[in-house]
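Structure data follow from protein-v9.txt (compact mmCIF, C-alpha atoms):
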# COMPACT_ATOMS: atom_id res chain seq x y z
CA MET A 1 -93.34 71.07 18.48
CA ALA A 2 -94.11 67.36 18.37
CA GLU A 3 -92.39 65.27 15.69
CA ARG A 4 -94.82 63.19 13.64
CA LEU A 5 -94.32 59.43 13.92
CA ASN A 6 -95.23 58.12 10.49
CA GLY A 7 -95.09 54.37 10.95
CA SER A 8 -91.88 54.57 13.00
CA LEU A 9 -90.95 54.33 16.68
CA PRO A 10 -88.93 56.68 18.89
CA GLU A 11 -85.25 55.77 18.91
CA ASN A 12 -85.20 55.20 22.68
CA ILE A 13 -88.36 53.08 22.80
CA GLY A 14 -86.25 50.15 24.06
CA ASP A 15 -85.65 52.00 27.35
CA ILE A 16 -89.36 52.15 28.20
CA GLU A 17 -90.81 49.92 30.94
CA VAL A 18 -94.16 51.61 31.57
CA ALA A 19 -96.77 52.82 29.05
CA VAL A 20 -99.49 55.20 30.23
CA PHE A 21 -102.52 55.75 28.02
CA ASP A 22 -105.31 58.28 28.40
CA ILE A 23 -108.68 56.83 27.32
CA ASP A 24 -111.18 59.38 26.00
CA GLY A 25 -109.85 60.98 22.83
CA THR A 26 -106.84 58.64 22.92
CA LEU A 27 -107.82 54.98 23.16
CA SER A 28 -111.51 55.59 22.50
CA ASP A 29 -113.20 56.99 19.42
CA ASP A 30 -115.48 60.00 19.44
CA LYS A 31 -118.35 57.79 20.63
CA SER A 32 -116.34 56.66 23.69
CA ARG A 33 -115.73 53.17 22.27
CA VAL A 34 -112.40 51.36 22.53
CA SER A 35 -112.03 49.01 19.56
CA ASP A 36 -111.19 45.32 19.78
CA ARG A 37 -108.10 46.09 17.72
CA THR A 38 -106.85 48.56 20.32
CA VAL A 39 -107.56 46.12 23.15
CA ALA A 40 -105.62 43.38 21.32
CA ALA A 41 -102.67 45.71 20.72
CA LEU A 42 -102.50 46.63 24.41
CA ARG A 43 -102.63 42.92 25.29
CA ASP A 44 -99.69 42.28 22.95
CA LEU A 45 -97.75 45.14 24.51
CA SER A 46 -98.38 43.76 28.00
CA ASP A 47 -97.29 40.30 26.87
CA ALA A 48 -94.09 41.86 25.50
CA GLY A 49 -93.19 42.97 29.03
CA VAL A 50 -94.39 46.58 29.14
CA HIS A 51 -96.47 47.58 32.17
CA VAL A 52 -99.74 49.03 30.83
CA VAL A 53 -101.35 51.88 32.77
CA LEU A 54 -104.70 53.48 31.93
CA ALA A 55 -105.09 57.09 33.08
CA SER A 56 -108.41 58.85 32.72
CA GLY A 57 -111.05 61.06 34.20
CA ARG A 58 -113.31 57.99 34.13
CA ILE A 59 -114.40 56.20 37.28
CA ALA A 60 -112.11 53.29 38.21
CA PRO A 61 -114.64 50.41 37.74
CA ALA A 62 -115.34 51.55 34.16
CA MET A 63 -111.62 51.51 33.42
CA ARG A 64 -111.23 48.06 34.95
CA LYS A 65 -113.56 46.69 32.27
CA LEU A 66 -110.89 47.46 29.66
CA PHE A 67 -108.42 45.24 31.49
CA VAL A 68 -111.10 42.54 31.66
CA ARG A 69 -111.37 42.78 27.87
CA MET A 70 -107.59 42.56 27.61
CA GLU A 71 -107.60 39.51 29.92
CA ARG A 72 -104.56 41.02 31.60
CA ASP A 73 -103.83 42.99 34.77
CA GLY A 74 -102.38 46.44 35.09
CA PHE A 75 -102.75 49.79 36.79
CA ILE A 76 -105.58 52.32 36.78
CA ILE A 77 -105.28 56.05 37.40
CA GLY A 78 -108.92 57.07 37.74
CA CYS A 79 -110.76 60.34 38.31
CA ASN A 80 -107.80 62.32 36.92
CA GLY A 81 -105.41 60.99 39.54
CA ALA A 82 -107.68 61.02 42.58
CA ILE A 83 -107.54 57.22 42.80
CA THR A 84 -104.94 54.64 41.76
CA VAL A 85 -105.73 50.92 41.63
CA HIS A 86 -103.76 47.75 40.86
CA THR A 87 -106.20 45.41 39.10
CA ASP A 88 -104.28 42.25 40.06
CA HIS A 89 -105.40 42.43 43.68
CA ASP A 90 -107.90 45.29 43.27
CA ASP A 91 -106.09 47.31 45.91
CA VAL A 92 -106.39 51.07 46.10
CA ILE A 93 -102.76 52.21 46.28
CA GLY A 94 -103.55 55.93 46.18
CA SER A 95 -106.61 58.04 47.03
CA HIS A 96 -107.04 61.82 47.31
CA PRO A 97 -110.64 62.95 47.98
CA VAL A 98 -111.70 66.56 47.75
CA ASP A 99 -111.44 68.19 51.20
CA ASP A 100 -114.56 69.35 53.03
CA ASP A 101 -114.12 73.11 52.45
CA MET A 102 -113.55 72.74 48.72
CA TYR A 103 -116.37 70.23 48.39
CA GLY A 104 -118.84 72.62 49.97
CA SER A 105 -117.70 75.36 47.61
CA VAL A 106 -118.09 73.30 44.44
CA ILE A 107 -121.58 72.13 45.41
CA GLU A 108 -122.57 75.72 46.18
CA PHE A 109 -121.13 76.96 42.88
CA GLY A 110 -123.01 74.34 40.88
CA ARG A 111 -126.30 75.20 42.52
CA ASP A 112 -125.79 78.96 42.24
CA GLU A 113 -124.90 78.71 38.55
CA ASN A 114 -127.62 76.15 37.76
CA LEU A 115 -125.05 73.61 36.57
CA GLU A 116 -125.56 69.86 36.54
CA THR A 117 -122.97 68.54 38.98
CA VAL A 118 -121.70 64.94 39.03
CA ILE A 119 -119.44 63.52 41.74
CA PHE A 120 -117.17 60.57 40.98
CA GLY A 121 -116.74 58.10 43.83
CA VAL A 122 -114.78 54.90 44.38
CA HIS A 123 -117.40 52.65 42.77
CA ASP A 124 -120.25 54.93 41.63
CA LEU A 125 -121.21 58.29 40.14
CA PHE A 126 -123.59 60.62 41.99
CA THR A 127 -125.73 63.60 41.01
CA GLU A 128 -128.79 65.58 42.08
CA ASP A 129 -129.86 66.32 38.50
CA ASP A 130 -131.66 63.93 36.18
CA GLY A 131 -130.46 65.80 33.09
CA ASN A 132 -128.04 65.72 30.16
CA ALA A 133 -124.96 64.93 32.24
CA ARG A 134 -126.56 61.78 33.62
CA VAL A 135 -127.12 60.54 30.06
CA LEU A 136 -123.87 61.67 28.46
CA LEU A 137 -121.57 60.24 31.12
CA GLN A 138 -122.85 56.69 30.67
CA GLY A 139 -120.86 56.28 27.44
CA PRO A 140 -117.41 57.20 28.80
CA ASN A 141 -118.11 55.19 31.96
CA GLU A 142 -119.11 51.86 30.41
CA GLY A 143 -122.84 52.30 30.99
CA LEU A 144 -122.67 53.26 34.68
CA VAL A 145 -125.63 55.53 35.49
CA PRO A 146 -125.07 58.32 38.04
CA ILE A 147 -127.09 57.67 41.21
CA LEU A 148 -129.58 60.38 42.15
CA THR A 149 -128.85 61.54 45.69
CA ASP A 150 -128.29 64.55 47.92
CA LEU A 151 -124.63 65.38 47.20
CA GLU A 152 -124.13 66.91 50.63
CA THR A 153 -124.58 63.47 52.21
CA LEU A 154 -121.70 61.74 50.38
CA GLU A 155 -118.90 60.30 52.50
CA ARG A 156 -115.53 61.99 52.02
CA GLU A 157 -113.98 58.87 50.43
CA ASN A 158 -116.51 59.15 47.57
CA ARG A 159 -115.72 62.79 46.78
CA LEU A 160 -112.95 62.01 44.32
CA LYS A 161 -113.83 64.25 41.39
CA VAL A 162 -116.33 66.98 40.53
CA MET A 163 -117.66 67.32 36.98
CA TYR A 164 -119.90 70.12 35.73
CA TYR A 165 -122.01 69.90 32.61
CA VAL A 166 -122.07 73.26 30.80
CA ASP A 167 -124.68 73.66 28.08
CA PRO A 168 -122.80 74.62 24.87
CA ASP A 169 -125.48 77.28 24.20
CA ARG A 170 -124.71 79.18 27.42
CA THR A 171 -123.07 82.53 26.68
CA ASP A 172 -123.17 84.17 30.11
CA GLY A 173 -119.49 83.66 30.97
CA VAL A 174 -120.05 80.75 33.35
CA VAL A 175 -116.84 79.00 32.24
CA ASP A 176 -114.77 82.10 33.03
CA ARG A 177 -116.40 82.33 36.45
CA LEU A 178 -115.73 78.64 37.01
CA ARG A 179 -112.05 78.96 36.15
CA ASP A 180 -111.75 82.08 38.31
CA ARG A 181 -113.31 80.31 41.29
CA PHE A 182 -111.41 77.03 40.78
CA PRO A 183 -108.17 77.62 38.79
CA SER A 184 -107.39 73.89 38.60
CA THR A 185 -110.49 73.29 36.43
CA VAL A 186 -109.81 71.49 33.15
CA GLN A 187 -112.01 70.84 30.13
CA THR A 188 -111.95 67.15 29.26
CA LEU A 189 -114.97 66.74 26.97
CA PRO A 190 -116.78 69.41 24.90
CA GLU A 191 -119.53 69.98 27.47
CA PHE A 192 -117.69 68.95 30.64
CA TYR A 193 -115.39 70.74 33.06
CA GLU A 194 -113.93 69.00 36.04
CA LEU A 195 -111.74 69.39 39.06
CA THR A 196 -110.20 67.32 41.80
CA HIS A 197 -108.35 68.20 44.98
CA ALA A 198 -106.19 71.20 44.08
CA GLU A 199 -102.96 69.21 44.49
CA VAL A 200 -104.14 66.14 42.57
CA ASP A 201 -103.75 65.28 38.88
CA LYS A 202 -102.71 62.32 36.75
CA TRP A 203 -99.06 62.95 37.65
CA THR A 204 -100.01 62.49 41.33
CA GLY A 205 -101.81 59.27 40.44
CA LEU A 206 -98.79 57.91 38.57
CA GLN A 207 -96.39 58.21 41.52
CA PRO A 208 -97.52 55.15 43.54
CA ILE A 209 -97.38 53.05 40.36
CA LEU A 210 -93.78 53.99 39.59
CA GLU A 211 -92.90 53.39 43.24
CA GLU A 212 -94.50 49.94 43.27
CA LEU A 213 -92.78 48.96 40.00
CA GLY A 214 -89.43 50.48 40.93
CA ALA A 215 -89.59 52.41 37.64
CA SER A 216 -88.83 56.06 36.88
CA PRO A 217 -90.45 58.78 34.76
CA SER A 218 -87.53 58.51 32.33
CA THR A 219 -88.49 54.92 31.49
CA THR A 220 -92.16 55.80 31.02
CA LEU A 221 -94.04 56.60 27.80
CA GLY A 222 -97.33 58.47 27.82
CA VAL A 223 -100.04 59.17 25.23
CA GLY A 224 -102.79 61.77 25.67
CA ASP A 225 -104.89 64.46 24.05
CA SER A 226 -106.48 66.97 26.44
CA GLU A 227 -105.83 69.56 29.15
CA ASN A 228 -105.80 67.02 31.96
CA ASP A 229 -102.80 65.32 30.30
CA LEU A 230 -100.58 68.40 30.55
CA SER A 231 -99.86 67.64 34.21
CA TRP A 232 -97.89 64.51 33.39
CA LEU A 233 -96.94 64.16 29.70
CA PRO A 234 -94.04 66.67 29.87
CA ASN A 235 -92.59 64.71 32.83
CA VAL A 236 -92.17 61.29 31.22
CA GLY A 237 -89.36 59.94 29.09
CA ILE A 238 -91.36 59.81 25.86
CA SER A 239 -94.51 61.92 25.45
CA VAL A 240 -96.90 61.35 22.56
CA ALA A 241 -99.84 63.52 21.50
CA MET A 242 -102.78 62.30 19.48
CA GLY A 243 -103.41 63.93 16.11
CA ASN A 244 -106.72 65.14 17.53
CA ALA A 245 -105.06 66.57 20.67
CA TYR A 246 -105.42 70.16 21.79
CA PRO A 247 -102.65 72.38 20.31
CA SER A 248 -101.24 72.95 23.81
CA VAL A 249 -100.77 69.19 24.24
CA LYS A 250 -98.98 68.84 20.92
CA ASP A 251 -96.70 71.71 21.86
CA ALA A 252 -95.80 69.94 25.12
CA CYS A 253 -95.05 66.51 23.59
CA ASP A 254 -92.09 64.92 21.86
CA TYR A 255 -94.10 63.08 19.22
CA GLU A 256 -97.48 63.05 17.50
CA ILE A 257 -99.40 60.11 16.02
CA GLY A 258 -102.71 59.82 14.17
CA ASN A 259 -106.27 60.35 15.38
CA ASN A 260 -108.29 58.40 17.92
CA ASP A 261 -110.97 57.54 15.34
CA ASP A 262 -108.28 55.82 13.25
CA ASP A 263 -107.01 53.53 16.03
CA ALA A 264 -103.67 55.34 16.04
CA VAL A 265 -102.72 53.92 19.45
CA ALA A 266 -103.35 50.40 18.16
CA ASP A 267 -100.87 51.07 15.36
CA LEU A 268 -98.25 52.40 17.78
CA ALA A 269 -98.70 49.61 20.34
CA SER A 270 -98.64 46.88 17.67
CA ARG A 271 -95.40 48.19 16.16
CA TRP A 272 -93.89 48.51 19.61
CA ALA A 273 -94.87 44.97 20.66
CA ALA A 274 -93.51 43.55 17.38
CA HIS A 275 -90.26 45.46 17.91
CA LEU A 276 -89.86 43.93 21.39
CA GLY A 277 -90.82 40.47 20.21
Output the structure of this file as structure tokens.
Amino acid sequence: MAERLNGSLPENIGDIEVAVFDIDGTLSDDKSRVSDRTVAALRDLSDAGVHVVLASGRIAPAMRKLFVRMERDGFIIGCNGAITVHTDHDDVIGSHPVDDDMYGSVIEFGRDENLETVIFGVHDLFTEDDGNARVLLQGPNEGLVPILTDLETLERENRLKVMYYVDPDRTDGVVDRLRDRFPSTVQTLPEFYELTHAEVDKWTGLQPILEELGASPSTTLGVGDSENDLSWLPNVGISVAMGNAYPSVKDACDYEIGNNDDDAVADLASRWAAHLG
């Protein structure tokens, strides 16, 4: 069970070199907005010498905009680990597209089940459906609008992540069928279920960053809230769950802070930066 951090810091915070933050439900509020206060706190933490990493299901260019707001460079783990980017030189240092057999299966499943399917690429989002998913995903992806196209024609390098929109009113067991067909499926937003290559997750995306920095999981802190954070939070030196996190995430973490709507990460990062300063 996670210990609540009430205005304090973990005792071993001084050992941490790398800080990894999920975005939706962690840095952002329930309307997918990251506050100026949170951006400023992350900038202060970076200036204090901590390597800031953003890890999300979002597409990489949308995540890069947060570093632009920070006016600092750092690392991006996008599409739930399917792509890793260093913003300093904009190099892709890790990429794991969905293989051809799996890709064909997920497109077929979406069509058979009448699900809106969105594919996350290196620079763009793609879909065949001009529906709810195309509207709802603009918020978490900094206004990027999914391009309408035939999904079967996408190049392999752009098949980084699959996201299904499931109407909350559906009661025909489609989610159970989805999880049965693709066991690596995770729910990341109330209406969205997603999957990447079966062997890819945020933990996979973190590896090239730690290698490039010469850092280790034991000197890494992570903050997250949802199912797609369970692949990596238990593996880092200090794991922190949001107050609004799923119960399973809280159970897997060392510490718990406040809610995303209350800028809880800004509080943590500001205290941490002041402690280092």
Please measure the separation of atom CA of A:Pro217 and atom CA of A:Trp203, giving the value in Å to one decimal.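 Here the two named atoms are 10.0 Å from each other.
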Could you list as a compact mmCIF listing (two decimals) with C-alpha atoms, keeping the file's coordinate frame every residue that has an atom within 9 Å of (-104.2, 38.1, 31.8), using the file's coordinates and counting only C-alpha atoms?
# COMPACT_ATOMS: atom_id res chain seq x y z
CA ARG A 43 -102.63 42.92 25.29
CA SER A 46 -98.38 43.76 28.00
CA ASP A 47 -97.29 40.30 26.87
CA PHE A 67 -108.42 45.24 31.49
CA VAL A 68 -111.10 42.54 31.66
CA MET A 70 -107.59 42.56 27.61
CA GLU A 71 -107.60 39.51 29.92
CA ARG A 72 -104.56 41.02 31.60
CA ASP A 73 -103.83 42.99 34.77
Tell me which protein, DNA and RNA residues are within 12 Å of A:Pro168, counting all atoms listed in the file, leaving out same-chain ones fewer than 5 positions away, and put them as a PyMOL selection string. chain A and resi 115+132+173-175+189-193
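Taking atom CA of A:Asp251 as the reference point, atom CA of A:Gly224 is found at 12.3 Å.
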Of the listed residues A:Asp100, A:Glu17, A:Asp225, A:Glu113, that which approaches A:Glu157 most closely, counting all atoms listed in the file: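 Among the listed residues, the smallest separation from A:Glu157 belongs to A:Asp100.
Residue nearest A:Ile23 within the list A:Asn6, A:Thr171, A:Ser226, A:Ser95: A:Ser226 [criterion: smallest interatomic distance, all atoms listed in the file].
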Measure the distance from atom CA of A:Ala273 to atom CA of A:Ile76 in Å and round it to one decimal.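 Straight-line distance from atom CA of A:Ala273 to atom CA of A:Ile76 works out to 20.7 Å.
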Residues within 9 Å of A:Val106, all atoms listed in the file, excluding chain neighbours under 4 positions, as a PyMOL selection string: chain A and resi 101-102+110-111+117+162+182
Residues within 7 Å of (-91.9, 62.9, 19.1), file coords, all atoms listed in the file, listed as a ChimeraX atom specification: /A:2-5,10,239-240,253-256
Write a file of the selected residues as a tab-separated table (two decimals), in the coordinates of the input, keeping C-alpha atoms.
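Printed below is selection_17.tsv as written:
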chain	number	residue	atom	x	y	z
A	2	ALA	CA	-94.11	67.36	18.37
A	3	GLU	CA	-92.39	65.27	15.69
A	4	ARG	CA	-94.82	63.19	13.64
A	5	LEU	CA	-94.32	59.43	13.92
A	10	PRO	CA	-88.93	56.68	18.89
A	239	SER	CA	-94.51	61.92	25.45
A	240	VAL	CA	-96.90	61.35	22.56
A	253	CYS	CA	-95.05	66.51	23.59
A	254	ASP	CA	-92.09	64.92	21.86
A	255	TYR	CA	-94.10	63.08	19.22
A	256	GLU	CA	-97.48	63.05	17.50
Closest of A:Pro146, A:Trp272, A:Ser218, A:Asn260 to A:Ala48 - atom-to-atom distances counting all atoms listed in the file: A:Trp272
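Closest to A:Phe21 among A:Leu221, A:Val135, A:Val186, A:Met163 is A:Leu221, based on only C-alpha atoms.
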Quick one: which stretch 66-180 of chain A residues come within 9 Å of stretch 33-42 of chain A, and what is the nearest atom pair for each with the distance in Å to one decimal, counting only C-alpha atoms, rows ordered by chain and ascending number, as CSV?
residue,atom,partner,partner_atom,distance
A:Leu66,CA,A:Val39,CA,7.4
A:Phe67,CA,A:Val39,CA,8.4
A:Arg69,CA,A:Val39,CA,6.9
A:Met70,CA,A:Val39,CA,5.7
A:Gly139,CA,A:Arg33,CA,7.9
A:Pro140,CA,A:Arg33,CA,7.9
A:Glu142,CA,A:Arg33,CA,8.9
With all atoms of stretch 178-191 of chain A from the file as input, state the centre and edge lengths in Å to one decimal of the axis-aligned box that has 3 Å extra on each side, as lines of an AutoDock Vina configuration file.
center_x = -113.5
center_y = 74.4
center_z = 33.1
size_x = 18.1
size_y = 21.3
size_z = 22.4
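For the residues A:Asn244, A:Asn158, A:Thr153, A:Ser105, ranking by smallest atom-to-atom distance to A:Glu128 using only C-alpha atoms places A:Thr153 first.
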Residue among A:Lys31, A:Ala241, A:Asp167, A:Leu151 lying closest to A:Leu268, counting all atoms listed in the file: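 Under the stated criterion, the closest residue is A:Ala241.
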Write out as JSON, numbers by chain the residues lying within 12 Å of A:Pro61, counting all atoms listed in the file and excluding same-chain residues fewer than 4 positions away. {"A": [54, 56, 57, 65, 66, 67, 68, 75, 76, 77, 78, 79, 83, 84, 85, 86, 87, 90, 92, 120, 121, 122, 123, 124, 125, 140, 141, 142, 143, 144]}
